[in-house]
Structures are given as structure tokens and as C-alpha cells.
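K.L.:
Dropping in data_0.csv, with CSV, C-alpha atoms.
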chain,number,residue,atom,x,y,z
A,221,MET,CA,-35.1,1.8,-72.1
A,222,LEU,CA,-35.2,3.2,-68.5
A,223,ILE,CA,-37.9,5.7,-69.4
A,224,GLU,CA,-40.0,3.0,-71.1
A,225,HIS,CA,-39.9,1.1,-67.8
A,226,GLY,CA,-41.1,4.0,-65.6
A,227,PHE,CA,-37.8,5.6,-64.6
A,228,THR,CA,-37.2,9.3,-64.9
A,229,VAL,CA,-33.9,10.1,-66.4
A,230,VAL,CA,-32.7,13.4,-64.9
A,231,ALA,CA,-29.3,13.5,-66.7
A,232,ALA,CA,-27.4,11.7,-69.4
A,233,VAL,CA,-23.7,12.5,-69.6
A,234,ASP,CA,-20.7,11.2,-71.5
A,235,ASN,CA,-17.6,12.1,-69.4
A,236,GLY,CA,-16.3,12.0,-65.9
A,237,PRO,CA,-16.5,15.7,-65.0
A,238,SER,CA,-20.1,16.0,-66.3
A,239,LEU,CA,-21.0,12.9,-64.3
A,240,ARG,CA,-19.6,14.3,-61.1
A,241,LYS,CA,-21.5,17.6,-61.7
A,242,ALA,CA,-24.8,15.8,-62.5
A,243,LEU,CA,-24.6,13.6,-59.5
A,244,ALA,CA,-23.9,16.6,-57.2
A,245,GLU,CA,-26.5,18.9,-58.8
A,246,GLU,CA,-29.3,16.5,-59.8
A,247,ARG,CA,-29.0,14.2,-56.7
A,248,PRO,CA,-30.7,11.3,-58.5
A,249,ASP,CA,-32.2,8.3,-56.6
A,250,VAL,CA,-29.8,5.9,-58.5
A,251,ALA,CA,-27.0,6.3,-61.0
A,252,VAL,CA,-26.2,4.0,-63.9
A,253,VAL,CA,-22.5,4.6,-64.6
A,254,ASP,CA,-20.1,3.3,-67.2
A,255,VAL,CA,-16.7,2.5,-65.7
A,256,ARG,CA,-14.7,4.0,-68.6
A,257,LEU,CA,-15.6,7.5,-69.6
A,258,PRO,CA,-13.7,10.3,-71.5
A,259,PRO,CA,-11.4,12.0,-71.3
A,260,SER,CA,-9.0,9.1,-70.5
A,261,PHE,CA,-11.3,6.1,-70.9
A,262,THR,CA,-9.8,4.5,-67.8
A,263,ASP,CA,-12.0,4.5,-64.7
A,264,GLU,CA,-13.5,8.0,-64.6
A,265,GLY,CA,-17.0,6.6,-64.1
A,266,LEU,CA,-16.0,4.3,-61.3
A,267,GLN,CA,-14.1,7.1,-59.5
A,268,ALA,CA,-17.1,9.4,-59.8
A,269,ALA,CA,-19.3,6.6,-58.3
A,270,ILE,CA,-16.9,6.0,-55.5
A,271,GLN,CA,-16.6,9.7,-54.8
A,272,VAL,CA,-20.4,10.3,-54.6
A,273,ARG,CA,-20.7,7.3,-52.2
A,274,ARG,CA,-18.0,8.9,-50.0
A,275,GLU,CA,-20.1,12.1,-49.9
A,276,ARG,CA,-23.4,10.3,-49.7
A,277,PRO,CA,-22.9,6.9,-48.0
A,278,GLY,CA,-25.1,4.2,-49.5
A,279,PHE,CA,-25.9,6.2,-52.6
A,280,PRO,CA,-27.3,3.6,-55.1
A,281,VAL,CA,-24.9,3.1,-58.0
A,282,LEU,CA,-25.0,0.5,-60.8
A,283,VAL,CA,-21.7,0.3,-62.6
A,284,LEU,CA,-21.4,-1.1,-66.1
A,285,SER,CA,-18.2,-2.6,-67.4
A,286,GLN,CA,-17.0,-4.3,-70.6
A,287,TYR,CA,-14.9,-6.8,-68.7
A,288,VAL,CA,-14.8,-8.4,-65.2
A,289,GLU,CA,-12.5,-6.3,-63.1
A,290,GLN,CA,-12.3,-7.7,-59.6
A,291,LEU,CA,-10.6,-4.5,-58.4
A,292,TYR,CA,-13.6,-2.5,-59.5
A,293,ALA,CA,-16.0,-4.8,-57.7
A,294,ARG,CA,-13.9,-4.7,-54.5
A,295,GLU,CA,-13.8,-0.9,-54.6
A,296,LEU,CA,-17.5,-0.6,-54.9
A,297,LEU,CA,-18.2,-3.0,-52.1
A,298,ALA,CA,-15.5,-1.6,-49.8
A,299,ASP,CA,-17.8,0.8,-47.9
A,300,GLY,CA,-20.2,-2.0,-47.0
A,301,ALA,CA,-23.2,0.2,-47.4
A,302,GLY,CA,-25.0,-1.8,-50.1
A,303,ALA,CA,-27.1,-0.2,-52.9
A,304,VAL,CA,-24.5,-1.2,-55.4
A,305,GLY,CA,-24.3,-3.2,-58.6
A,306,TYR,CA,-21.7,-4.3,-61.1
A,307,LEU,CA,-22.9,-5.6,-64.5
A,308,LEU,CA,-21.2,-6.5,-67.7
A,309,LYS,CA,-22.4,-4.3,-70.5
A,310,ASP,CA,-23.8,-7.2,-72.5
A,311,ARG,CA,-26.4,-7.7,-69.7
A,312,VAL,CA,-28.0,-4.4,-70.7
A,313,SER,CA,-29.3,-6.2,-73.8
A,314,ASN,CA,-31.4,-8.4,-71.5
A,315,THR,CA,-33.9,-5.7,-70.7
A,316,GLU,CA,-35.6,-7.6,-67.8
A,317,GLN,CA,-32.3,-8.4,-66.1
A,318,PHE,CA,-31.0,-4.8,-66.5
A,319,ILE,CA,-34.3,-3.2,-65.2
A,320,ASP,CA,-34.4,-5.6,-62.3
A,321,ALA,CA,-30.8,-4.7,-61.4
A,322,VAL,CA,-31.4,-1.0,-61.6
A,323,ALA,CA,-34.6,-1.4,-59.4
A,324,SER,CA,-32.8,-3.6,-56.9
A,325,VAL,CA,-29.9,-1.2,-56.5
A,326,ALA,CA,-32.3,1.7,-56.2
A,327,ARG,CA,-34.0,-0.1,-53.3
A,328,GLY,CA,-30.7,-0.6,-51.5
A,329,GLY,CA,-30.0,-4.1,-52.8
A,330,THR,CA,-27.0,-5.5,-54.5
A,331,ALA,CA,-26.8,-6.7,-58.1
A,332,MET,CA,-23.7,-8.5,-59.2
A,333,ASP,CA,-23.1,-10.0,-62.6
A,334,PRO,CA,-22.8,-13.8,-62.5
A,335,GLN,CA,-19.4,-13.6,-64.2
A,336,VAL,CA,-18.1,-11.3,-61.5
A,337,VAL,CA,-19.4,-13.6,-58.8
A,338,ALA,CA,-17.8,-16.6,-60.6
A,339,ARG,CA,-14.5,-14.7,-60.6
A,340,LEU,CA,-14.8,-13.9,-56.9
A,341,LEU,CA,-15.6,-17.5,-56.1
A,342,THR,CA,-12.6,-18.7,-58.0
A,343,ARG,CA,-10.5,-16.2,-56.1
A,344,GLY,CA,-12.0,-17.4,-52.9
A,345,ASP,CA,-11.0,-21.0,-53.7
A,346,ALA,CA,-7.4,-20.0,-53.0
A,347,ARG,CA,-8.5,-19.6,-49.3
A,348,GLY,CA,-10.1,-23.0,-49.4
A,349,ARG,CA,-13.6,-22.4,-47.9
A,350,THR,CA,-15.5,-21.9,-51.1
A,351,GLY,CA,-14.0,-25.1,-52.3
A,352,GLU,CA,-16.2,-26.8,-49.7
A,353,LEU,CA,-19.4,-25.6,-51.5
A,354,SER,CA,-21.3,-28.1,-53.6
A,355,PRO,CA,-22.1,-27.1,-57.2
A,356,ARG,CA,-25.7,-26.4,-56.2
A,357,GLU,CA,-24.5,-24.2,-53.3
A,358,ARG,CA,-22.3,-22.3,-55.8
A,359,GLU,CA,-25.4,-21.7,-58.0
A,360,VAL,CA,-27.4,-20.5,-55.0
A,361,LEU,CA,-24.6,-18.2,-53.9
A,362,SER,CA,-24.2,-16.8,-57.3
A,363,LEU,CA,-27.9,-16.0,-57.4
A,364,ILE,CA,-27.8,-14.5,-53.9
A,365,ALA,CA,-25.0,-12.2,-55.0
A,366,ALA,CA,-27.0,-11.3,-58.1
A,367,GLY,CA,-29.6,-9.9,-55.7
A,368,ARG,CA,-32.2,-12.6,-56.1
A,369,SER,CA,-34.7,-13.4,-53.3
A,370,ASN,CA,-35.2,-16.9,-52.0
A,371,ALA,CA,-38.4,-17.2,-54.0
A,372,ALA,CA,-36.6,-16.1,-57.2
A,373,ILE,CA,-33.8,-18.6,-56.6
A,374,ALA,CA,-36.3,-21.4,-56.0
A,375,HIS,CA,-38.1,-20.5,-59.2
A,376,GLN,CA,-35.0,-20.2,-61.3
A,377,LEU,CA,-33.4,-23.5,-60.0
A,378,THR,CA,-36.8,-25.3,-60.0
A,379,ILE,CA,-36.4,-26.3,-56.3
A,380,SER,CA,-38.6,-25.6,-53.3
A,381,ALA,CA,-38.2,-22.5,-51.1
A,382,SER,CA,-37.3,-24.7,-48.2
A,383,ALA,CA,-34.5,-26.3,-50.2
A,384,VAL,CA,-33.1,-22.8,-50.9
A,385,THR,CA,-33.2,-22.0,-47.2
A,386,LYS,CA,-31.3,-25.2,-46.5
A,387,HIS,CA,-28.7,-24.4,-49.1
A,388,ILE,CA,-28.2,-20.9,-47.8
A,389,ALA,CA,-27.8,-22.2,-44.2
A,390,SER,CA,-25.2,-24.6,-45.5
A,391,ILE,CA,-23.4,-21.9,-47.4
A,392,PHE,CA,-23.1,-19.6,-44.4
A,393,GLY,CA,-22.1,-22.5,-42.2
A,394,LYS,CA,-19.3,-23.5,-44.6
A,395,LEU,CA,-18.1,-19.9,-45.1
A,396,GLN,CA,-18.4,-19.4,-41.3
A,397,LEU,CA,-20.7,-16.4,-41.8
A,398,PRO,CA,-23.8,-15.8,-39.6
A,399,GLU,CA,-27.1,-15.9,-41.3
A,400,SER,CA,-29.2,-12.7,-41.6
A,401,GLU,CA,-32.8,-12.0,-42.4
A,402,ASP,CA,-31.6,-8.9,-44.4
A,403,ASP,CA,-30.9,-9.9,-48.0
A,404,ASN,CA,-28.7,-6.9,-48.6
A,405,ARG,CA,-26.5,-7.6,-45.6
A,406,ARG,CA,-26.4,-11.3,-46.6
A,407,VAL,CA,-25.1,-10.5,-50.0
A,408,LEU,CA,-22.6,-8.0,-48.7
A,409,ALA,CA,-21.3,-10.4,-46.1
A,410,VAL,CA,-20.8,-13.1,-48.8
A,411,LEU,CA,-19.1,-10.7,-51.2
A,412,ALA,CA,-17.0,-9.0,-48.5
A,413,TYR,CA,-15.8,-12.4,-47.4
A,414,LEU,CA,-14.9,-13.5,-50.9
A,415,ASN,CA,-13.1,-10.2,-51.5
A,416,ARG,CA,-10.8,-10.4,-48.4
Represent the supplied structure as C-alpha cells.
P.N.:
Amino acid sequence: MLIEHGFTVVAAVDNGPSLRKALAEERPDVAVVDVRLPPSFTDEGLQAAIQVRRERPGFPVLVLSQYVEQLYARELLADGAGAVGYLLKDRVSNTEQFIDAVASVARGGTAMDPQVVARLLTRGDARGRTGELSPREREVLSLIAAGRSNAAIAHQLTISASAVTKHIASIFGKLQLPESEDDNRRVLAVLAYLNR
């Protein structure tokens, strides 16, 4: 699928040690990594991704997982460098979403699965601030965290671009986060706050 959409695949591996070796030797522009790899099928893929990001801060990694694991999302976001994604594996079947996520992460953006964002929002409700968001603001926040631009959010929600801007300003006000012109920092700030 990646090759069909113009990506060059420099390595395809099926275990943690081979992944670490390929990331070190091939030095790809972006890595698409399964969380669970042999030999133990626990978190070898995730640990390899985290290790390469320690060695190469900001290295673009899109992690695929079968289930929503908040701990994995937190670990990936912990360095605050951006260029990271976390998708559920069933999103791969939606070719357009998957390719958009890979491209966004490769460009330094953040692509988070809507279910991951929903879990993080639910967790955030325990602190009370996200409970102040309206249903529409929650939708907008979810799309921001999924890496969507203001124009893409407006198109998807069938609202004007100025309405999106107002919702974003309201979200940041309610979460007590400063606005930023940089979409990547904006997403990271929201997710970092929700993961505290």
C-alpha cells in the first residue's frame, strides 16, 4: 500500500531486533511500527521506536496497535518532539486515513487515532477541565489531535474556517493553554496536558 502511494520502503521486518537494526542501518525518513513484535509479542516495536527517538530526537514514528493503550501513547509523546502517530490497526484498512497519517508524521506532524484521543479526553475529565468543553469542542479537539488542519476540520464538520478558529480559541482558553500558530506544537500541547 505504501509503495502504491509513492513511498519507498527501505526495510520490512517482523521482529524487534531486526527493527532496531533496520532503523539504525537504513535511517529511514519515517517508520511504521507494530507495537507487538516477536519474540515476546509484548512491546518490542514500541521500545524500538522509543529507543530510536532517544538516539534521533524527533525521528518520525507511526505506531500501530490492536488496542488503545494509554501508556503507549504517553510514552510516545513524552519527549515532546512531535513527528509521532498512534493508530489502531483497523485504521490501516482505510487507505486514505492511513496514508495521510504516515505523510503527516513524516512531515513532523502528529496523528492520533480518534479512539486514543477519546480515551485521553475521558482520562482528562477526572481533572475537570475537559469537562468544560462542549460536544463540538470535543469533536474539534479530537480532529486537532488526529493531525487535521483547520481547513480539514471545517470541511469534515461542515462549518466555516472562522468557526473552527473560534472553537480552537475556546478550547485553549478552557484548558488554559496558550494558542500557537504551529499545528504540531498545538497538538502536542493538548495531548501533553491530557496526559499529565
K.L.:
Applying 8 Å and only C-alpha atoms, which residues near Ala251 of chain A remain after dropping the ones on its own chain fewer than 2 positions away? List them as a list in words.
P.N.:
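So the residues in contact are Leu243, Pro248, Asp249, Val253, Pro280, Val281 and Leu282 of chain A.
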K.L.:
Could you name the residues that touch Ser354 of chain A at 10 Å or less, counting all atoms listed in the file, but leaving out those on the same chain fewer than 6 positions away, as a list in words?
P.N.:
Val360, His387, Ser390 and Ile391 of chain A
K.L.:
Rounded to one decimal place, report the atom CA of Val325 of chain A-atom CA of Ala303 of chain A distance in Å.
P.N.:
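Computing the Euclidean distance for atom CA of Val325 of chain A and atom CA of Ala303 of chain A yields 4.7 Å.
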K.L.:
By how many Å are atom CA of Gly302 of chain A and atom CA of Arg247 of chain A apart?
P.N.:
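Computing the Euclidean distance for atom CA of Gly302 of chain A and atom CA of Arg247 of chain A yields 17.8 Å.
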K.L.:
Work out how far atom CA of Glu357 of chain A is from atom CA of Gln317 of chain A, in Å to one decimal.
P.N.:
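Computed distance, atom CA of Gln317 of chain A to atom CA of Glu357 of chain A, equals 21.8 Å.
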K.L.:
Find the spatial neighbours of Met332 of chain A, counting all atoms listed in the file, within a cut-off of 8 Å - ignore same-chain residues fewer than 6 positions away - and output them as a list in words.
P.N.:
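Contacts, in chain order: Gly305, Tyr306, Leu307, Ala365, Ala366 and Gly367 of chain A.
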K.L.:
Determine, counting all atoms listed in the file, which protein, DNA and RNA residues have an atom within 12 Å of an atom of Thr315 of chain A; residues of the same chain fewer than 6 positions away are not included. Present the result as a list of chain:residue names.
P.N.:
A:Met221, A:Leu222, A:Glu224, A:His225, A:Lys309, A:Ala321, A:Val322
K.L.:
Of the candidates A:Ala374, A:Val384, A:Leu395, A:Val336, which one gets nearest to Ser362 of chain A if we count only C-alpha atoms?
P.N.:
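Using only C-alpha atoms, Ser362 of chain A sits closest to A:Val336.
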K.L.:
With distances taken over all atoms listed in the file, which of A:Phe261, A:Ala268, A:Ile319, A:Val250 is nearest to Pro237 of chain A?
P.N.:
A:Ala268
K.L.:
Pick the closest to Val288 of chain A from A:Ile364, A:Leu266, A:Leu308, A:Ala389: which is it, counting only C-alpha atoms?
P.N.:
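Of A:Ile364, A:Leu266, A:Leu308, A:Ala389, the one nearest Val288 of chain A is A:Leu308, counting only C-alpha atoms.
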K.L.:
For Glu245 of chain A, please output as a compact mmCIF listing (two decimals) with C-alpha atoms, in the frame of the given file all residues within 12 Å (counting only C-alpha atoms; exclusion window: fewer than 3 positions along the same chain).
P.N.:
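Written out: part.txt:
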# COMPACT_ATOMS: atom_id res chain seq x y z
CA VAL A 230 -32.70 13.40 -64.90
CA ALA A 231 -29.30 13.50 -66.70
CA SER A 238 -20.10 16.00 -66.30
CA LEU A 239 -21.00 12.90 -64.30
CA ARG A 240 -19.60 14.30 -61.10
CA LYS A 241 -21.50 17.60 -61.70
CA ALA A 242 -24.80 15.80 -62.50
CA PRO A 248 -30.70 11.30 -58.50
CA VAL A 272 -20.40 10.30 -54.60
K.L.:
Given all atoms listed in the file as the basis, pick out the residue of A:Gln271, A:Arg356, A:Ala232, A:Ala326 nearest to Thr378 of chain A.
P.N.:
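So, comparing all the options, the nearest one is A:Arg356.
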